[in-house]
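> Contents are mmCIF, C-alpha atoms and all ligand atoms; file name query-v8.cif:
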```
data_structure
loop_
_atom_site.label_atom_id
_atom_site.label_comp_id
_atom_site.auth_asym_id
_atom_site.auth_seq_id
_atom_site.Cartn_x
_atom_site.Cartn_y
_atom_site.Cartn_z
CA MET C 1 -30.53 19.48 -42.52
CA PRO C 2 -27.25 19.71 -40.61
CA ARG C 3 -24.41 20.96 -42.76
CA LEU C 4 -21.13 19.13 -42.82
CA ALA C 5 -18.34 21.03 -41.27
CA LYS C 6 -16.18 22.75 -43.84
CA ARG C 7 -13.03 21.03 -42.70
CA SER C 8 -14.40 17.54 -43.20
CA GLN C 9 -15.34 18.49 -46.75
CA THR C 10 -11.98 19.77 -47.79
CA LYS C 11 -9.49 17.66 -45.85
CA PRO C 12 -8.86 13.98 -46.49
CA ALA C 13 -10.14 11.70 -43.77
CA ARG C 14 -7.53 11.29 -41.08
CA ARG C 15 -6.76 8.08 -39.31
CA PRO C 16 -8.54 8.25 -35.95
CA ARG C 17 -6.08 9.60 -33.41
CA ARG C 18 -5.59 8.01 -30.02
CA ALA C 19 -7.23 10.13 -27.35
CA PRO C 20 -4.52 12.28 -25.78
CA ALA C 21 -3.32 10.79 -22.49
CA ARG C 22 -5.30 12.49 -19.72
CA ARG C 23 -2.92 14.49 -17.53
CA LYS C 24 -3.29 13.24 -13.97
CA ARG C 25 -4.58 16.11 -11.89
CA PRO C 26 -2.75 16.48 -8.60
CA ILE C 27 -4.22 15.53 -5.27
CA GLU C 28 -5.10 18.64 -3.26
CA LEU C 29 -3.61 18.49 0.22
CA TYR C 30 -5.30 20.78 2.73
CA TYR C 31 -2.41 21.38 4.99
CA TRP C 32 -0.74 23.24 7.81
CA PRO C 33 2.73 22.26 9.05
CA THR C 34 1.92 20.21 12.15
CA PRO C 35 2.45 16.49 12.90
CA ASN C 36 -0.98 15.68 11.46
CA GLY C 37 -0.24 17.59 8.27
CA TRP C 38 3.25 16.13 7.88
CA LYS C 39 1.91 12.57 7.89
CA ILE C 40 0.05 13.05 4.66
CA ALA C 41 2.80 15.03 2.96
CA ILE C 42 5.19 12.18 3.83
CA MET C 43 2.89 9.56 2.29
CA LEU C 44 2.35 11.62 -0.88
CA GLU C 45 6.11 12.10 -1.20
CA GLU C 46 6.85 8.42 -0.51
CA CYS C 47 4.38 7.34 -3.18
CA GLY C 48 5.55 9.94 -5.70
CA LEU C 49 1.96 11.10 -6.15
CA PRO C 50 1.56 14.56 -7.68
CA TYR C 51 -0.02 16.92 -5.18
CA VAL C 52 -0.64 20.55 -4.57
CA VAL C 53 -0.57 22.10 -1.11
CA ARG C 54 -3.61 24.16 -0.13
CA PRO C 55 -2.62 25.89 3.10
CA VAL C 56 -5.33 26.08 5.75
CA ASP C 57 -4.23 28.81 8.13
CA ILE C 58 -5.69 27.42 11.34
CA SER C 59 -4.41 30.45 13.27
CA LYS C 60 -6.73 32.67 11.22
CA GLY C 61 -9.74 30.36 11.35
CA GLU C 62 -9.61 29.10 7.75
CA GLN C 63 -10.61 25.67 9.08
CA PHE C 64 -14.10 27.13 9.60
CA ALA C 65 -14.57 28.29 6.00
CA ALA C 66 -17.66 26.70 4.47
CA GLN C 67 -15.63 25.41 1.53
CA PHE C 68 -13.25 23.60 3.88
CA LEU C 69 -15.99 22.27 6.17
CA ALA C 70 -17.61 20.70 3.12
CA ILE C 71 -14.64 18.33 2.91
CA SER C 72 -13.57 18.31 6.57
CA PRO C 73 -16.62 18.74 8.81
CA ASN C 74 -14.49 18.44 11.98
CA ASN C 75 -12.79 21.79 11.17
CA ARG C 76 -9.41 20.13 11.34
CA MET C 77 -6.75 19.68 8.75
CA PRO C 78 -5.41 17.56 7.05
CA ALA C 79 -7.85 16.66 4.34
CA ILE C 80 -7.39 15.71 0.71
CA VAL C 81 -9.33 15.92 -2.50
CA ASP C 82 -8.32 13.28 -5.01
CA PRO C 83 -9.69 14.26 -8.43
CA ASP C 84 -8.99 10.73 -9.61
CA GLY C 85 -10.88 8.85 -6.92
CA PRO C 86 -12.84 5.59 -7.16
CA SER C 87 -14.42 5.12 -10.63
CA GLY C 88 -12.37 8.10 -11.80
CA ARG C 89 -14.54 10.53 -9.87
CA PRO C 90 -13.26 12.99 -7.24
CA ILE C 91 -13.28 12.01 -3.60
CA SER C 92 -12.50 13.99 -0.47
CA VAL C 93 -11.11 12.39 2.69
CA PHE C 94 -10.67 13.88 6.16
CA GLU C 95 -9.00 12.38 9.29
CA SER C 96 -5.32 11.68 8.85
CA GLY C 97 -5.62 7.93 9.56
CA ALA C 98 -8.37 7.52 6.95
CA ILE C 99 -6.32 9.53 4.45
CA LEU C 100 -3.24 7.34 4.98
CA GLN C 101 -5.30 4.19 4.55
CA TYR C 102 -6.97 5.59 1.44
CA LEU C 103 -3.64 6.47 -0.15
CA GLY C 104 -2.24 3.09 0.89
CA ARG C 105 -5.13 1.29 -0.82
CA LYS C 106 -4.95 3.55 -3.86
CA THR C 107 -1.25 2.96 -4.44
CA GLY C 108 -0.76 -0.46 -2.87
CA LYS C 109 2.21 1.04 -1.01
CA PHE C 110 3.15 1.09 2.69
CA TYR C 111 -0.14 -0.63 3.64
CA PRO C 112 0.21 -4.36 3.11
CA GLN C 113 -2.62 -6.39 1.67
CA ASP C 114 -2.01 -9.59 3.60
CA GLU C 115 -4.20 -9.69 6.67
CA ARG C 116 -1.41 -10.12 9.25
CA GLY C 117 0.62 -7.30 7.81
CA ARG C 118 -2.42 -5.07 7.57
CA VAL C 119 -3.52 -5.78 11.15
CA ALA C 120 -0.06 -4.84 12.42
CA VAL C 121 -0.15 -1.53 10.51
CA GLU C 122 -3.66 -0.74 11.72
CA GLU C 123 -2.77 -1.51 15.34
CA TRP C 124 0.00 1.07 15.30
CA LEU C 125 -1.89 3.55 13.16
CA TYR C 126 -4.90 3.53 15.49
CA TRP C 127 -2.54 3.62 18.47
CA GLN C 128 -1.18 6.87 17.08
CA VAL C 129 -4.45 8.55 16.14
CA GLY C 130 -6.21 7.51 19.34
CA GLY C 131 -3.28 7.77 21.76
CA LEU C 132 0.02 9.34 20.88
CA GLY C 133 -1.48 12.26 18.92
CA PRO C 134 -4.14 13.37 21.41
CA MET C 135 -1.92 12.84 24.46
CA ALA C 136 1.06 14.64 22.94
CA GLY C 137 -1.27 17.43 21.82
CA GLN C 138 -2.57 17.90 25.37
CA ALA C 139 0.96 17.75 26.79
CA VAL C 140 2.05 20.54 24.46
CA HIS C 141 -1.07 22.54 25.24
CA PHE C 142 -0.62 22.47 29.00
CA ARG C 143 3.17 22.82 28.87
CA ARG C 144 3.31 25.71 26.36
CA TYR C 145 -0.03 27.32 25.67
CA ALA C 146 -2.19 27.21 28.83
CA PRO C 147 -2.33 30.67 30.41
CA GLU C 148 -1.40 29.20 33.80
CA LYS C 149 1.07 26.42 34.57
CA ILE C 150 -1.18 23.87 36.20
CA ILE C 151 0.85 21.00 37.61
CA TYR C 152 -1.76 18.27 37.46
CA PRO C 153 -2.51 18.24 33.69
CA ILE C 154 1.13 18.93 32.85
CA ALA C 155 2.22 15.87 34.84
CA ARG C 156 -0.68 13.74 33.65
CA TYR C 157 -0.08 14.29 29.92
CA THR C 158 3.70 14.41 30.10
CA ASP C 159 3.69 11.08 31.97
CA GLU C 160 1.26 9.52 29.54
CA VAL C 161 3.37 10.59 26.56
CA ASN C 162 6.39 9.19 28.37
CA ARG C 163 4.57 5.88 28.77
CA LEU C 164 3.66 5.88 25.07
CA TYR C 165 7.25 6.62 24.05
CA GLY C 166 8.23 3.66 26.23
CA VAL C 167 5.74 1.45 24.34
CA MET C 168 7.31 2.44 21.02
CA ASN C 169 10.81 1.98 22.41
CA THR C 170 10.04 -1.57 23.55
CA ARG C 171 8.43 -2.44 20.24
CA LEU C 172 11.38 -1.05 18.28
CA LYS C 173 13.93 -3.02 20.27
CA HIS C 174 13.29 -6.04 18.03
CA HIS C 175 11.65 -4.38 15.03
CA ASP C 176 13.08 -1.83 12.63
CA TYR C 177 9.67 -0.27 12.13
CA LEU C 178 6.48 -0.18 14.18
CA ALA C 179 4.57 -2.69 12.09
CA GLY C 180 7.68 -4.65 11.08
CA ARG C 181 8.19 -3.08 7.65
CA TYR C 182 8.14 0.66 6.97
CA SER C 183 4.49 1.70 6.65
CA ILE C 184 1.90 4.42 7.11
CA ALA C 185 2.10 3.71 10.86
CA ASP C 186 5.67 5.06 10.98
CA MET C 187 4.61 8.06 8.90
CA ALA C 188 1.83 8.75 11.40
CA CYS C 189 4.19 8.76 14.38
CA VAL C 190 7.39 10.40 13.17
CA GLY C 191 6.10 13.98 13.27
CA TRP C 192 5.06 13.60 16.89
CA VAL C 193 8.43 12.22 17.91
CA ARG C 194 10.04 15.10 16.05
CA LEU C 195 8.46 17.40 18.65
CA ALA C 196 9.49 15.26 21.65
CA GLU C 197 11.12 18.14 23.48
CA ARG C 198 7.95 20.24 23.48
CA GLN C 199 6.15 17.26 25.00
CA GLY C 200 8.68 17.13 27.83
CA GLN C 201 10.44 14.03 26.48
CA ASP C 202 14.12 13.25 26.08
CA LEU C 203 14.87 10.76 23.31
CA ALA C 204 18.09 9.77 25.09
CA GLU C 205 15.80 7.85 27.46
CA PHE C 206 14.51 5.76 24.52
CA PRO C 207 17.45 4.44 22.48
CA TYR C 208 15.47 2.18 20.12
CA LEU C 209 12.93 4.89 19.45
CA LYS C 210 15.78 7.31 18.79
CA ARG C 211 17.36 4.89 16.28
CA TRP C 212 14.01 4.49 14.52
CA PHE C 213 13.44 8.26 14.49
CA GLU C 214 16.84 8.89 12.94
CA ASN C 215 16.22 6.23 10.27
CA VAL C 216 12.79 7.51 9.37
CA ARG C 217 13.80 11.16 9.45
CA ALA C 218 16.68 10.44 7.07
CA ARG C 219 14.35 9.21 4.32
CA PRO C 220 14.31 11.66 1.40
CA ALA C 221 10.50 11.71 1.29
CA VAL C 222 10.30 12.55 4.98
CA GLN C 223 12.84 15.32 4.55
CA CYS C 224 10.87 16.77 1.62
CA ALA C 225 7.66 16.71 3.62
CA PHE C 226 9.27 18.36 6.64
CA ALA C 227 10.74 21.01 4.34
CA ILE C 228 7.41 22.24 2.94
CA HIS C 229 7.60 25.89 3.82
CA ILE C 230 4.51 27.89 4.66
CA ALA C 231 5.73 31.38 5.47
CA ALA C 232 2.54 32.38 7.31
CA ALA C 233 2.94 29.42 9.66
CA SER C 234 6.41 30.49 10.77
CA ALA C 235 4.99 33.89 11.65
CA VAL C 236 2.19 32.64 13.94
CA ASP C 237 2.49 33.97 17.47
CA MET C 238 0.66 31.70 19.88
CA ARG C 239 0.58 34.52 22.44
CA ASN C 240 -1.51 36.67 20.10
CA PRO C 241 -5.01 36.90 21.65
CA LYS C 242 -6.64 36.71 18.21
CA VAL C 243 -4.87 33.44 17.43
CA ARG C 244 -5.72 32.04 20.85
CA ALA C 245 -9.37 33.01 20.42
CA VAL C 246 -9.49 31.02 17.18
CA LEU C 247 -7.70 27.91 18.42
CA PHE C 248 -8.72 27.60 22.06
CA GLY C 249 -12.11 27.40 23.72
CA GLN C 250 -13.91 26.19 20.60
CA ARG C 251 -17.49 25.09 21.19
CA ALA C 252 -20.22 23.65 18.98
CA ARG C 253 -21.25 26.02 16.21
N1 LIG J 1 -7.96 13.53 14.38
C1 LIG J 1 -7.51 14.53 13.44
C2 LIG J 1 -6.77 15.61 14.17
C3 LIG J 1 -6.36 16.72 13.26
C4 LIG J 1 -5.98 17.96 14.05
O1 LIG J 1 -6.08 18.00 15.28
N2 LIG J 1 -5.55 18.99 13.33
C5 LIG J 1 -5.23 20.25 13.97
C6 LIG J 1 -3.82 20.68 13.70
S1 LIG J 1 -2.67 19.44 14.22
C7 LIG J 1 -6.17 21.32 13.44
O2 LIG J 1 -6.54 21.32 12.30
N3 LIG J 1 -6.55 22.25 14.31
C8 LIG J 1 -7.45 23.31 13.97
C9 LIG J 1 -8.23 23.76 15.16
O3 LIG J 1 -7.87 23.41 16.29
O4 LIG J 1 -9.21 24.47 14.96
C10 LIG J 1 -6.62 13.86 12.38
O5 LIG J 1 -5.91 12.92 12.75
O6 LIG J 1 -6.68 14.26 11.22
#
```
Take the structure in this file and express it as structure tokens.


Amino acid sequence: MPRLAKRSQTKPARRPRRAPARRKRPIELYYWPTPNGWKIAIMLEECGLPYVVRPVDISKGEQFAAQFLAISPNNRMPAIVDPDGPSGRPISVFESGAILQYLGRKTGKFYPQDERGRVAVEEWLYWQVGGLGPMAGQAVHFRRYAPEKIIYPIARYTDEVNRLYGVMNTRLKHHDYLAGRYSIADMACVGWVRLAERQGQDLAEFPYLKRWFENVRARPAVQCAFAIHIAAASAVDMRNPKVRAVLFGQRAR
């Protein structure tokens, strides 16, 4: 027969205590300081969500670690693990656009619920992930990292980024923010515009875009996100053959 615990025999019955409030565990942000990483740090900062940065040193190939691929099968950061996901169970999310939408739905912030507002945000978010990001990435690659300076791809991607900057500039002539109100679409774009010079662009050519950039960059959350310091990232030398072998010429594994 089970014995009663000693304590319950000797101590008077206590009033049932309320269960201690469960400490919210932070969201894990798998991160490296690039425009795609900044987006998510900005959103986490804007929403005041507790998070912990898990650096993924893409110059050393940490994006290929089995543990990381389990949450981000495209071997790209950013990714998140939210321990407090749907139904209180953990969820992982990869792809920066999907992460921004997830966090927007989770918090109800910067991602409107009304259909018109939401469509506007999604238009500009998808415009960034399908256009501005890839084109700016290629422009930087051919301008800075390609072993030879090949005129055709340099001109092609620099021109295309110039066209895209023009699209934002026109939109921002009559709107303060890309989707009207400040949203995850602005967060997705600001890091790319921050690197305009590397993409061969001069913001002086785009006055409305410049105004928007200065407004967005001045936000405290954006400043905090841009200030996340990863010492190893500052030390990466893109001329190092080992780094180049990791990042360039990847094929199916
Ligand atoms: N479509 C992805 C792109 C992410 C991406 O390209 N991340 C880069 C850094 S900006 C990366 O992780 N690169 C690692 C590699 O090239 O192996 C997203 O939006 O999340």

> Which one is closest to ligand LIG 1 (chain J): C:Arg76, C:Arg194, C:Arg156, C:Arg89? Count only C-alpha atoms and all ligand atoms.

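Of all the options, C:Arg76 lies closest to ligand LIG 1 (chain J).
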
> Which protein, DNA or RNA residues have an atom within 7 Å of ligand LIG 1 (chain J), counting all atoms listed in the file, as a list of chain:residue names?

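Every residue with an atom at most 7 Å from ligand LIG 1 (chain J) is listed here: C:Thr34, C:Pro35, C:Asn36, C:Gly37, C:Ile58, C:Gly61, C:Gln63, C:Asn75, C:Arg76, C:Met77, C:Pro78, C:Phe94, C:Glu95, C:Ser96, C:Gly97, C:Val129, C:Val246, C:Leu247.
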
> May I ask for the distance between atom CA of Ala235 of chain C and atom CA of Ala79 of chain C, given in Å to one decimal place?

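Calculated distance between atom CA of Ala235 of chain C and atom CA of Ala79 of chain C is 22.7 Å.
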
> Which residue gives the smallest distance to Asp84 of chain C among C:Tyr111, C:Tyr182, C:Phe64, C:Tyr51, with all atoms listed in the file counted?

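Of C:Tyr111, C:Tyr182, C:Phe64, C:Tyr51, the one nearest Asp84 of chain C, counting all atoms listed in the file, is C:Tyr51.
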
> Between C:Phe213, C:Tyr152, C:Tyr157, C:Trp38, which residue has the minimum interatomic distance to Leu100 of chain C, considering all atoms listed in the file?

C:Trp38

> C:Ile42, C:Phe68, C:Tyr126, C:Pro50: which is nearest Arg23 of chain C, counting all atoms listed in the file?

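Under the stated criterion, the closest residue is C:Pro50.
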
> Between atom CA of Val52 of chain C and atom CA of Pro26 of chain C, what is the distance, to one decimal in Å?

6.1 Å

> Choose the residue, out of C:Gly166, C:Gly180, C:Pro207, C:Gly108, that has the smallest atom-to-atom separation from Ala120 of chain C; count all atoms listed in the file.

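That would be C:Gly180, the residue with the smallest distance to Ala120 of chain C.
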
> Identify, on the basis of only C-alpha atoms, every residue whose closest approach to Tyr145 of chain C does not exceed 12 Å; exclude the query and any residue fewer than 5 positions from it along the same chain; express the result as number ranges by chain.

C: 137-140, 150, 154, 198-199, 237-241, 243-244, 247-248

> Using all atoms listed in the file, which protein or nucleic acid residues come within 10 Å of Asn215 of chain C? Drop anything in the same chain fewer than 5 positions from it, and give the result as a list in words.

Asp176, Tyr177, Leu209 and Lys210 of chain C

> For a quick check of understanding, using only C-alpha atoms, which of C:Ala65, C:Leu132, C:Leu49, C:Cys224 has the smallest distance to Val167 of chain C?

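Answer, going by the shortest atom-to-atom distance: C:Leu132.
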
> Rounded to one decimal, what separation in Å do you get between atom CA of Glu28 of chain C and atom CA of Pro55 of chain C?

10.0 Å

> Using all atoms listed in the file, which residues sit within 10 Å of Pro153 of chain C once same-chain residues fewer than 5 positions away are excluded, as a list in words?

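In the requested form, the answer reads Gln138, Ala139, His141, Phe142, Arg143, Thr158 and Asp159 of chain C.
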
> So that I have them on file, write out the residues from the current selection with C-alpha atoms, as a PDB file, in the coordinates of the input.


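Result saved to part-v9.pdb:
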```pdb
ATOM      1  CA  GLN C 138      -2.570  17.900  25.370  1.00  0.00           C
ATOM      2  CA  ALA C 139       0.960  17.750  26.790  1.00  0.00           C
ATOM      3  CA  HIS C 141      -1.070  22.540  25.240  1.00  0.00           C
ATOM      4  CA  PHE C 142      -0.620  22.470  29.000  1.00  0.00           C
ATOM      5  CA  ARG C 143       3.170  22.820  28.870  1.00  0.00           C
ATOM      6  CA  THR C 158       3.700  14.410  30.100  1.00  0.00           C
ATOM      7  CA  ASP C 159       3.690  11.080  31.970  1.00  0.00           C
TER       8      ASP C 159
END
```
